[in-house]
Structure formats: structure tokens, C-alpha cells
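*Asks:* Quick one: this structure, given as C-alpha cells, is what I'll be asking you about.
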Protein chains: 2
Amino acid sequence: MGKDLFLDDLVVGQTWHGGPIEMREADIIRFAQEFDPQPMHVDKAEAASGRFGGIIASGWHVAAALMRDFVDKAPFGQTPLLGLKVDDLQWRKAVRPGDVLSVTREIVEIAPSRSKPDRGTISMRITAANQDGDVVMSFLNLIQLPKRRPVPAPIAEAAAAHPPSGS
Amino acid sequence: MGKDLFLDDLVVGQTWHGGPIEMREADIIRFAQEFDPQPMHVDKAEAASGRFGGIIASGWHVAAALMRDFVDKAPFGQTPLLGLKVDDLQWRKAVRPGDVLSVTREIVEIAPSRSKPDRGTISMRITAANQDGDVVMSFLNLIQLPKRRPVPAPIAEAAAAHPPSGS
């Protein structure tokens with residue numbers, strides 16, 4: 001887990017790397033049997049003769065696997081986050097059994113709230129690639145997070161009047 | 001399952017209704033343990049004292065549950081679809097154990113391909129609401145689907161010259 005990061009700690013271009021995420025065949029089929037039981041996801045024989053030539057993962061499975069990696073890596077530590085929106089979510093290439101995904105998470109925009117001075121939003125571009133470097137999925141995630149709690153004014157003034165020794 | 005529908009069968013405003021989708025506590029916890037193990041999704045005690053006052057479903061679980069409903073309802077029958085993009089995916093209200101979701105899927109745009117006359121895209125607005133009518137999640141889904149295979153010209157001419165009896 002990373003250290004706690006707040007809005008004021010972040011800069012555009014700041015990037016984290018995630019993964020590896022191994023997409024196992026049994027997991028792909030199990031997920032799809034529950035949530036996306038189309039032949040290309042659950043039926044090896046039918047998938048083999050279909051347009052992808054074999055089983056591929058449900059796009060929602062890939063999205064969920066990336067969420068798990070985000071929780072494990074916790075790039076913002078324990079800072080409370082609120083996921084507000086996902087845009088431009090694209091599944092660019094099929095994910096197949098045995099694929100191992102890597103993830104890049106980059107801050108592309110930072111917007112302090114105009115009405116609420118204690119918080120703001122960041123936009124992160126999340127990109128997942130397979131072991132060959134092909135991008136398989138990408139999306140933009142709008143996330144709300146707090147600023148650091150400001151030092152209360154009286155204490156801040158006192159600190160300015162009496163800088164700590166050694167400064 | 002609905003009957004097979006192609007691009008030329010569709011009109012803007014066409015709407016399908018899905019659900020009911022019951023979000024059971026055991027499923028919510030099990031999904032989140034695998035894909036989104038944050039306390040608000042997996043730890044009843046910690047969730048109770050947290051900002052939502054109890055367990056809530058992972059947003060990706062809700063998305064996956066809607067996918068399952070889409071596969072079950074098959075509004076386009078067996079017509080092969082290609083999900084190209086998701087935009088404006090928002091989790092508007094927490095989904096809690098016992099919530100029963102209904103779904104509305106409405107075509108908001110139809111765009112025949114300019115370069116490939118046999119296909120086109122539709123944009124669907126998907127909205128999920130709970131048993132109180134509160135919208136919990138919504139998104140736009142860009143989907144590619146084929147046009148009906150045109151009747152080959154010579155046969156069409158023959159049919160026009162010799163209408164089937166009874167017409």
C-alpha cells in the first residue's frame with residue numbers, strides 16, 4: 001500500500017504501475033457463467049469456431065480485475081476516495097486465458113472544487129496491456145479526494161512568528 | 001430472448017426494460033472479496049460505522065449484474081453485437097443488500113457506418129434504479145451491429161415482378 005496522498009500532493013503526469021494480473025481460464029469461465037454467459041466467454045468448443053477463435057474474457061471481468069489490482073496497490077494509501085465517473089471505457093483487444101496484464105494509471109487532470117475548498121477531483125487514465133504490450137482496455141476515471149487538512153490559522157500564525165529551531 | 005434485430009430495425013427512443021435484479025448480501029460480499037475488497041463492501045462491522053452505514057455493493061458488481069440481465073433478456077436476439085465503448089458511467093446511489101434493481105435501456109442515437117454499408121452503431125442509455133425508483137447507476141453504451149443482409153438485387157426484382165400469392 002502506498003502512503004496516504006491527498007489532492008495537494010498530486011501533479012498531472014504522476015503515474016503508477018500495476019499488475020501483473022494473470023487471467024486464468026477457469027476464472028474467465030467462472031466469472032462469465034455468473035455475469036456474462038455468452039458462448040465466446042463460457043463455451044470452449046463454440047468459442048473455438050467463433051470470431052475470436054477461442055475463449056475470451058468478459059470485458060466486465062477485465063474491469064473487475066483492474067479494480068482488484070487498484071485496491072491491492074492502494075496508490076493513495078488510506079485516503080478516502082469517491083469514484084464519480086468512468087468515461088471512454090474501451091475494450092481494444094480480446095483478453096485470452098493465460099494473458100498477463102500490466103496496468104498504467106496516470107493523472108491527466110486535477111481540479112480543486114470551486115465550492116468546497118477541502119476537496120477536489122482528479123481524472124486518471126487507466127490503461128491495461130497484455131504481455132505483448134498490446135493495450136486491451138483503457139478508461140478515464142474521475143475520482144474525488146480530500147485535500148490535506150490545513151493547519152488551523154492561529155497555530156499557523158504562531159508557527160510563522162516562531163519558526164521551529166533548525167529551519 | 002427477443003427476436004433478432006438489426007440496425008435497420010431500430011429507432012431512436014426504442015426502449016427495453018430489464019430486471020428484476022436482486023442484490024443479495026452474500027453475493028455482494030463474495031464479489032467484493034474477489035474484486036473489490038474494501039471494508040465498505042466486505043466487512044459488515046466496519047461498514048456499519050463507515051460513511052454508508054452498512055455494506056454496499058461494488059460498483060463493478062452492479063455493472064456485471066446488469067450485463068447478466070442484458071445477456072438473459074437478449075433484446076437483439078442472436079444478432080452478433082460488438083460493445084465498442086462505455087461513457088458517462090456513474091454510480092449515483094449506493095446499492096445495498098436486498099435492493100432489487102430494474103433496468104431501462106433506450107436507444108439515444110443510431111449511426112450507420114459511412115465506410116462499411118453493412119453495419120453501424122447505436123448508442124444506448126442504460127439506467128438502473130432500485131425498488132424506490134432511485135437511479136443507482138447509468139451509462140452510455142456504444143454498440144456495433146450489422147444491418148439486415150439485403151435481398152440480392154435479381155431476386156428482389158423477381159419478387160417485385162411476381163409478388164407471392166396472398167400478398
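Lettering and numbering for the C-alpha cells are positional, with chains as A, B, ... in the shown order, residues counted from 1 in each chain, and ligands counted from 1 in the shown order.
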Distance limit 12 Å, atoms considered: only C-alpha atoms. Which chain B residues sit that close to chain A? Return them as a ChimeraX atom specification.
*Replies:* /B:21,27,30-41,50-52,58-74,78,80-94,137-143
*Asks:* Do you know which residues are at most 8 Å from Met23 in chain B counting only C-alpha atoms, after dropping those on the same chain fewer than 3 positions away, and could you put them as a PyMOL selection string?
*Replies:* chain B and resi 27-28+95-101
*Asks:* Export, as a PDB file, in the first residue's frame, the selected residues with N, CA, C and O atoms.
*Replies:*
```
ATOM      1  N   ASP B  27     -23.837 -12.393  -2.152  1.00  0.00           N
ATOM      2  CA  ASP B  27     -23.236 -12.162  -3.475  1.00  0.00           C
ATOM      3  C   ASP B  27     -22.384 -10.895  -3.473  1.00  0.00           C
ATOM      4  O   ASP B  27     -21.306 -10.852  -4.080  1.00  0.00           O
ATOM      5  N   ILE B  28     -22.907  -9.860  -2.802  1.00  0.00           N
ATOM      6  CA  ILE B  28     -22.171  -8.590  -2.724  1.00  0.00           C
ATOM      7  C   ILE B  28     -20.813  -8.803  -2.065  1.00  0.00           C
ATOM      8  O   ILE B  28     -19.782  -8.345  -2.559  1.00  0.00           O
ATOM      9  N   VAL B  95     -25.847   0.825  -3.660  1.00  0.00           N
ATOM     10  CA  VAL B  95     -26.696  -0.365  -3.766  1.00  0.00           C
ATOM     11  C   VAL B  95     -26.440  -1.221  -2.532  1.00  0.00           C
ATOM     12  O   VAL B  95     -25.296  -1.574  -2.236  1.00  0.00           O
ATOM     13  N   ARG B  96     -27.514  -1.546  -1.824  1.00  0.00           N
ATOM     14  CA  ARG B  96     -27.400  -2.233  -0.539  1.00  0.00           C
ATOM     15  C   ARG B  96     -27.981  -3.639  -0.628  1.00  0.00           C
ATOM     16  O   ARG B  96     -28.802  -3.939  -1.495  1.00  0.00           O
ATOM     17  N   PRO B  97     -27.574  -4.501   0.312  1.00  0.00           N
ATOM     18  CA  PRO B  97     -28.128  -5.863   0.323  1.00  0.00           C
ATOM     19  C   PRO B  97     -29.654  -5.838   0.352  1.00  0.00           C
ATOM     20  O   PRO B  97     -30.244  -5.079   1.121  1.00  0.00           O
ATOM     21  N   GLY B  98     -30.247  -6.639  -0.511  1.00  0.00           N
ATOM     22  CA  GLY B  98     -31.696  -6.701  -0.581  1.00  0.00           C
ATOM     23  C   GLY B  98     -32.296  -5.777  -1.620  1.00  0.00           C
ATOM     24  O   GLY B  98     -33.481  -5.919  -1.950  1.00  0.00           O
ATOM     25  N   ASP B  99     -31.507  -4.828  -2.123  1.00  0.00           N
ATOM     26  CA  ASP B  99     -32.030  -3.958  -3.179  1.00  0.00           C
ATOM     27  C   ASP B  99     -32.395  -4.795  -4.409  1.00  0.00           C
ATOM     28  O   ASP B  99     -31.711  -5.772  -4.746  1.00  0.00           O
ATOM     29  N   VAL B 100     -33.472  -4.404  -5.035  1.00  0.00           N
ATOM     30  CA  VAL B 100     -33.910  -5.066  -6.266  1.00  0.00           C
ATOM     31  C   VAL B 100     -33.910  -4.008  -7.372  1.00  0.00           C
ATOM     32  O   VAL B 100     -34.624  -3.008  -7.287  1.00  0.00           O
ATOM     33  N   LEU B 101     -33.090  -4.251  -8.376  1.00  0.00           N
ATOM     34  CA  LEU B 101     -32.883  -3.248  -9.421  1.00  0.00           C
ATOM     35  C   LEU B 101     -33.733  -3.536 -10.653  1.00  0.00           C
ATOM     36  O   LEU B 101     -33.929  -4.689 -11.046  1.00  0.00           O
TER      37      LEU B 101
END
```
*Asks:* Would you compute the distance between CA of Asp8 in chain B and CA of Thr121 in chain B? Give it in Å to one decimal.
*Replies:*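 Atom-to-atom, CA of Asp8 in chain B to CA of Thr121 in chain B, that is 10.8 Å.
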*Asks:* Rounded to one decimal in Å, what is the spacing between CA of Arg149 in chain A and CA of Ala48 in chain B?
*Replies:*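 Rounded to one decimal, the two atoms are 25.0 Å apart.
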*Asks:* Got a sec to tell me which of range 20-95 of chain A DSSP assigns to helix (DSSP H, G or I), as a VMD selection string?
*Replies:* chain A and resid 25 to 35 39 to 42 44 to 48 59 to 73
*Asks:* As number ranges by chain, please: the residues near Phe6 in chain A (cut-off 9 Å, only C-alpha atoms, same-chain neighbours under 2 positions excluded).
*Replies:* A: 4, 8-10, 76, 79, 119, 145-148
*Asks:* Next, the residues of the selection above should be written as a PDB file, in the first residue's frame with N, CA and C atoms.
*Replies:*
```pdb
ATOM      1  N   ASP A   4      -0.463   7.672   2.353  1.00  0.00           N
ATOM      2  CA  ASP A   4      -1.668   8.464   2.133  1.00  0.00           C
ATOM      3  C   ASP A   4      -1.340   9.693   1.275  1.00  0.00           C
ATOM      4  N   ASP A   8      -3.587  17.823  -2.767  1.00  0.00           N
ATOM      5  CA  ASP A   8      -2.476  18.763  -2.901  1.00  0.00           C
ATOM      6  C   ASP A   8      -1.123  18.067  -3.054  1.00  0.00           C
ATOM      7  N   ASP A   9      -1.099  16.758  -2.924  1.00  0.00           N
ATOM      8  CA  ASP A   9       0.161  16.021  -3.109  1.00  0.00           C
ATOM      9  C   ASP A   9       0.372  15.607  -4.564  1.00  0.00           C
ATOM     10  N   LEU A  10      -0.631  15.823  -5.395  1.00  0.00           N
ATOM     11  CA  LEU A  10      -0.636  15.196  -6.726  1.00  0.00           C
ATOM     12  C   LEU A  10      -0.278  16.188  -7.822  1.00  0.00           C
ATOM     13  N   PHE A  76      -3.163   5.669  -3.307  1.00  0.00           N
ATOM     14  CA  PHE A  76      -3.406   6.838  -2.457  1.00  0.00           C
ATOM     15  C   PHE A  76      -3.455   6.465  -0.981  1.00  0.00           C
ATOM     16  N   THR A  79      -6.353   7.207   2.078  1.00  0.00           N
ATOM     17  CA  THR A  79      -7.170   8.396   1.826  1.00  0.00           C
ATOM     18  C   THR A  79      -8.516   7.969   1.243  1.00  0.00           C
ATOM     19  N   ARG A 119     -11.678  19.771  -0.867  1.00  0.00           N
ATOM     20  CA  ARG A 119     -11.611  18.601  -1.740  1.00  0.00           C
ATOM     21  C   ARG A 119     -11.450  18.994  -3.211  1.00  0.00           C
ATOM     22  N   LEU A 145     -11.221  13.306  -4.116  1.00  0.00           N
ATOM     23  CA  LEU A 145     -10.470  13.030  -2.893  1.00  0.00           C
ATOM     24  C   LEU A 145     -10.207  14.322  -2.126  1.00  0.00           C
ATOM     25  N   PRO A 146      -9.966  14.191  -0.827  1.00  0.00           N
ATOM     26  CA  PRO A 146      -9.823  15.384   0.014  1.00  0.00           C
ATOM     27  C   PRO A 146      -8.446  16.036  -0.131  1.00  0.00           C
ATOM     28  N   LYS A 147      -8.421  17.333   0.214  1.00  0.00           N
ATOM     29  CA  LYS A 147      -7.125  17.994   0.413  1.00  0.00           C
ATOM     30  C   LYS A 147      -6.608  17.634   1.795  1.00  0.00           C
ATOM     31  N   ARG A 148      -5.324  17.899   1.992  1.00  0.00           N
ATOM     32  CA  ARG A 148      -4.792  17.782   3.350  1.00  0.00           C
ATOM     33  C   ARG A 148      -5.526  18.753   4.255  1.00  0.00           C
TER      34      ARG A 148
END
```
*Asks:* Could you pull out the residues in range 65-146 of chain B that DSSP calls strand (DSSP E or B) from the backbone, as a ChimeraX atom specification?
*Replies:* /B:82-91,100-112,119-129,135-146
*Asks:* Leaving out Ser102 in chain A and any residue of its chain fewer than 3 positions from it, which residues lie within 10 Å of it when counting only C-alpha atoms, given as a list in words?
*Replies:*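 In the requested form, the answer reads His17, Gly18, Gly19, Pro20, Ile21, Glu22, Leu66, Asp69, Asp99, Thr127, Ala128, Ala129, Asn130, Gln131, Gly133, Val135 and Val136 of chain A.
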*Asks:* Deliver the residues from the most recent selection as a file, using N, CA and C atoms, as a compact mmCIF listing (two decimals), in the first residue's frame.
*Replies:*
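Written output follows (again.txt):
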```
# COMPACT_ATOMS: atom_id res chain seq x y z
N HIS A 17 2.26 2.12 -11.65
CA HIS A 17 2.19 0.90 -12.45
C HIS A 17 1.61 -0.23 -11.61
N GLY A 18 0.69 -0.97 -12.23
CA GLY A 18 0.03 -2.07 -11.54
C GLY A 18 0.22 -3.38 -12.26
N GLY A 19 -0.36 -4.42 -11.69
CA GLY A 19 -0.20 -5.76 -12.20
C GLY A 19 0.99 -6.44 -11.54
N PRO A 20 1.41 -7.61 -11.98
CA PRO A 20 0.79 -8.37 -13.07
C PRO A 20 -0.56 -8.98 -12.64
N ILE A 21 -1.48 -9.03 -13.59
CA ILE A 21 -2.79 -9.66 -13.38
C ILE A 21 -2.90 -10.84 -14.34
N GLU A 22 -2.89 -12.04 -13.79
CA GLU A 22 -2.98 -13.21 -14.66
C GLU A 22 -4.44 -13.59 -14.87
N LEU A 66 -9.01 -5.23 -12.78
CA LEU A 66 -8.23 -3.99 -12.61
C LEU A 66 -8.59 -3.30 -11.30
N ASP A 69 -6.70 -4.96 -8.56
CA ASP A 69 -5.30 -4.52 -8.55
C ASP A 69 -5.17 -3.13 -7.93
N ASP A 99 -3.30 -14.74 -20.51
CA ASP A 99 -2.78 -13.38 -20.65
C ASP A 99 -2.41 -12.82 -19.28
N THR A 127 -4.80 2.34 -18.21
CA THR A 127 -4.53 1.57 -19.43
C THR A 127 -4.01 0.21 -19.03
N ALA A 128 -4.61 -0.85 -19.57
CA ALA A 128 -4.14 -2.21 -19.31
C ALA A 128 -3.60 -2.80 -20.60
N ALA A 129 -2.43 -3.41 -20.51
CA ALA A 129 -1.80 -4.03 -21.68
C ALA A 129 -1.52 -5.48 -21.38
N ASN A 130 -1.46 -6.30 -22.42
CA ASN A 130 -1.12 -7.70 -22.22
C ASN A 130 0.41 -7.91 -22.27
N GLN A 131 0.82 -9.16 -22.20
CA GLN A 131 2.24 -9.48 -22.13
C GLN A 131 2.98 -9.11 -23.42
N GLY A 133 2.40 -6.22 -24.88
CA GLY A 133 2.38 -4.76 -24.93
C GLY A 133 1.17 -4.20 -25.65
N VAL A 135 -2.45 -2.84 -25.90
CA VAL A 135 -3.46 -2.31 -24.99
C VAL A 135 -4.75 -3.11 -25.16
N VAL A 136 -5.27 -3.62 -24.06
CA VAL A 136 -6.50 -4.42 -24.12
C VAL A 136 -7.71 -3.63 -23.64
```
*Asks:* Work out how far apart CA of Glu46 in chain B and CA of Ile29 in chain B are and give it in Å to one decimal.
*Replies:*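 Value for the CA of Glu46 in chain B-CA of Ile29 in chain B distance: 13.1 Å.
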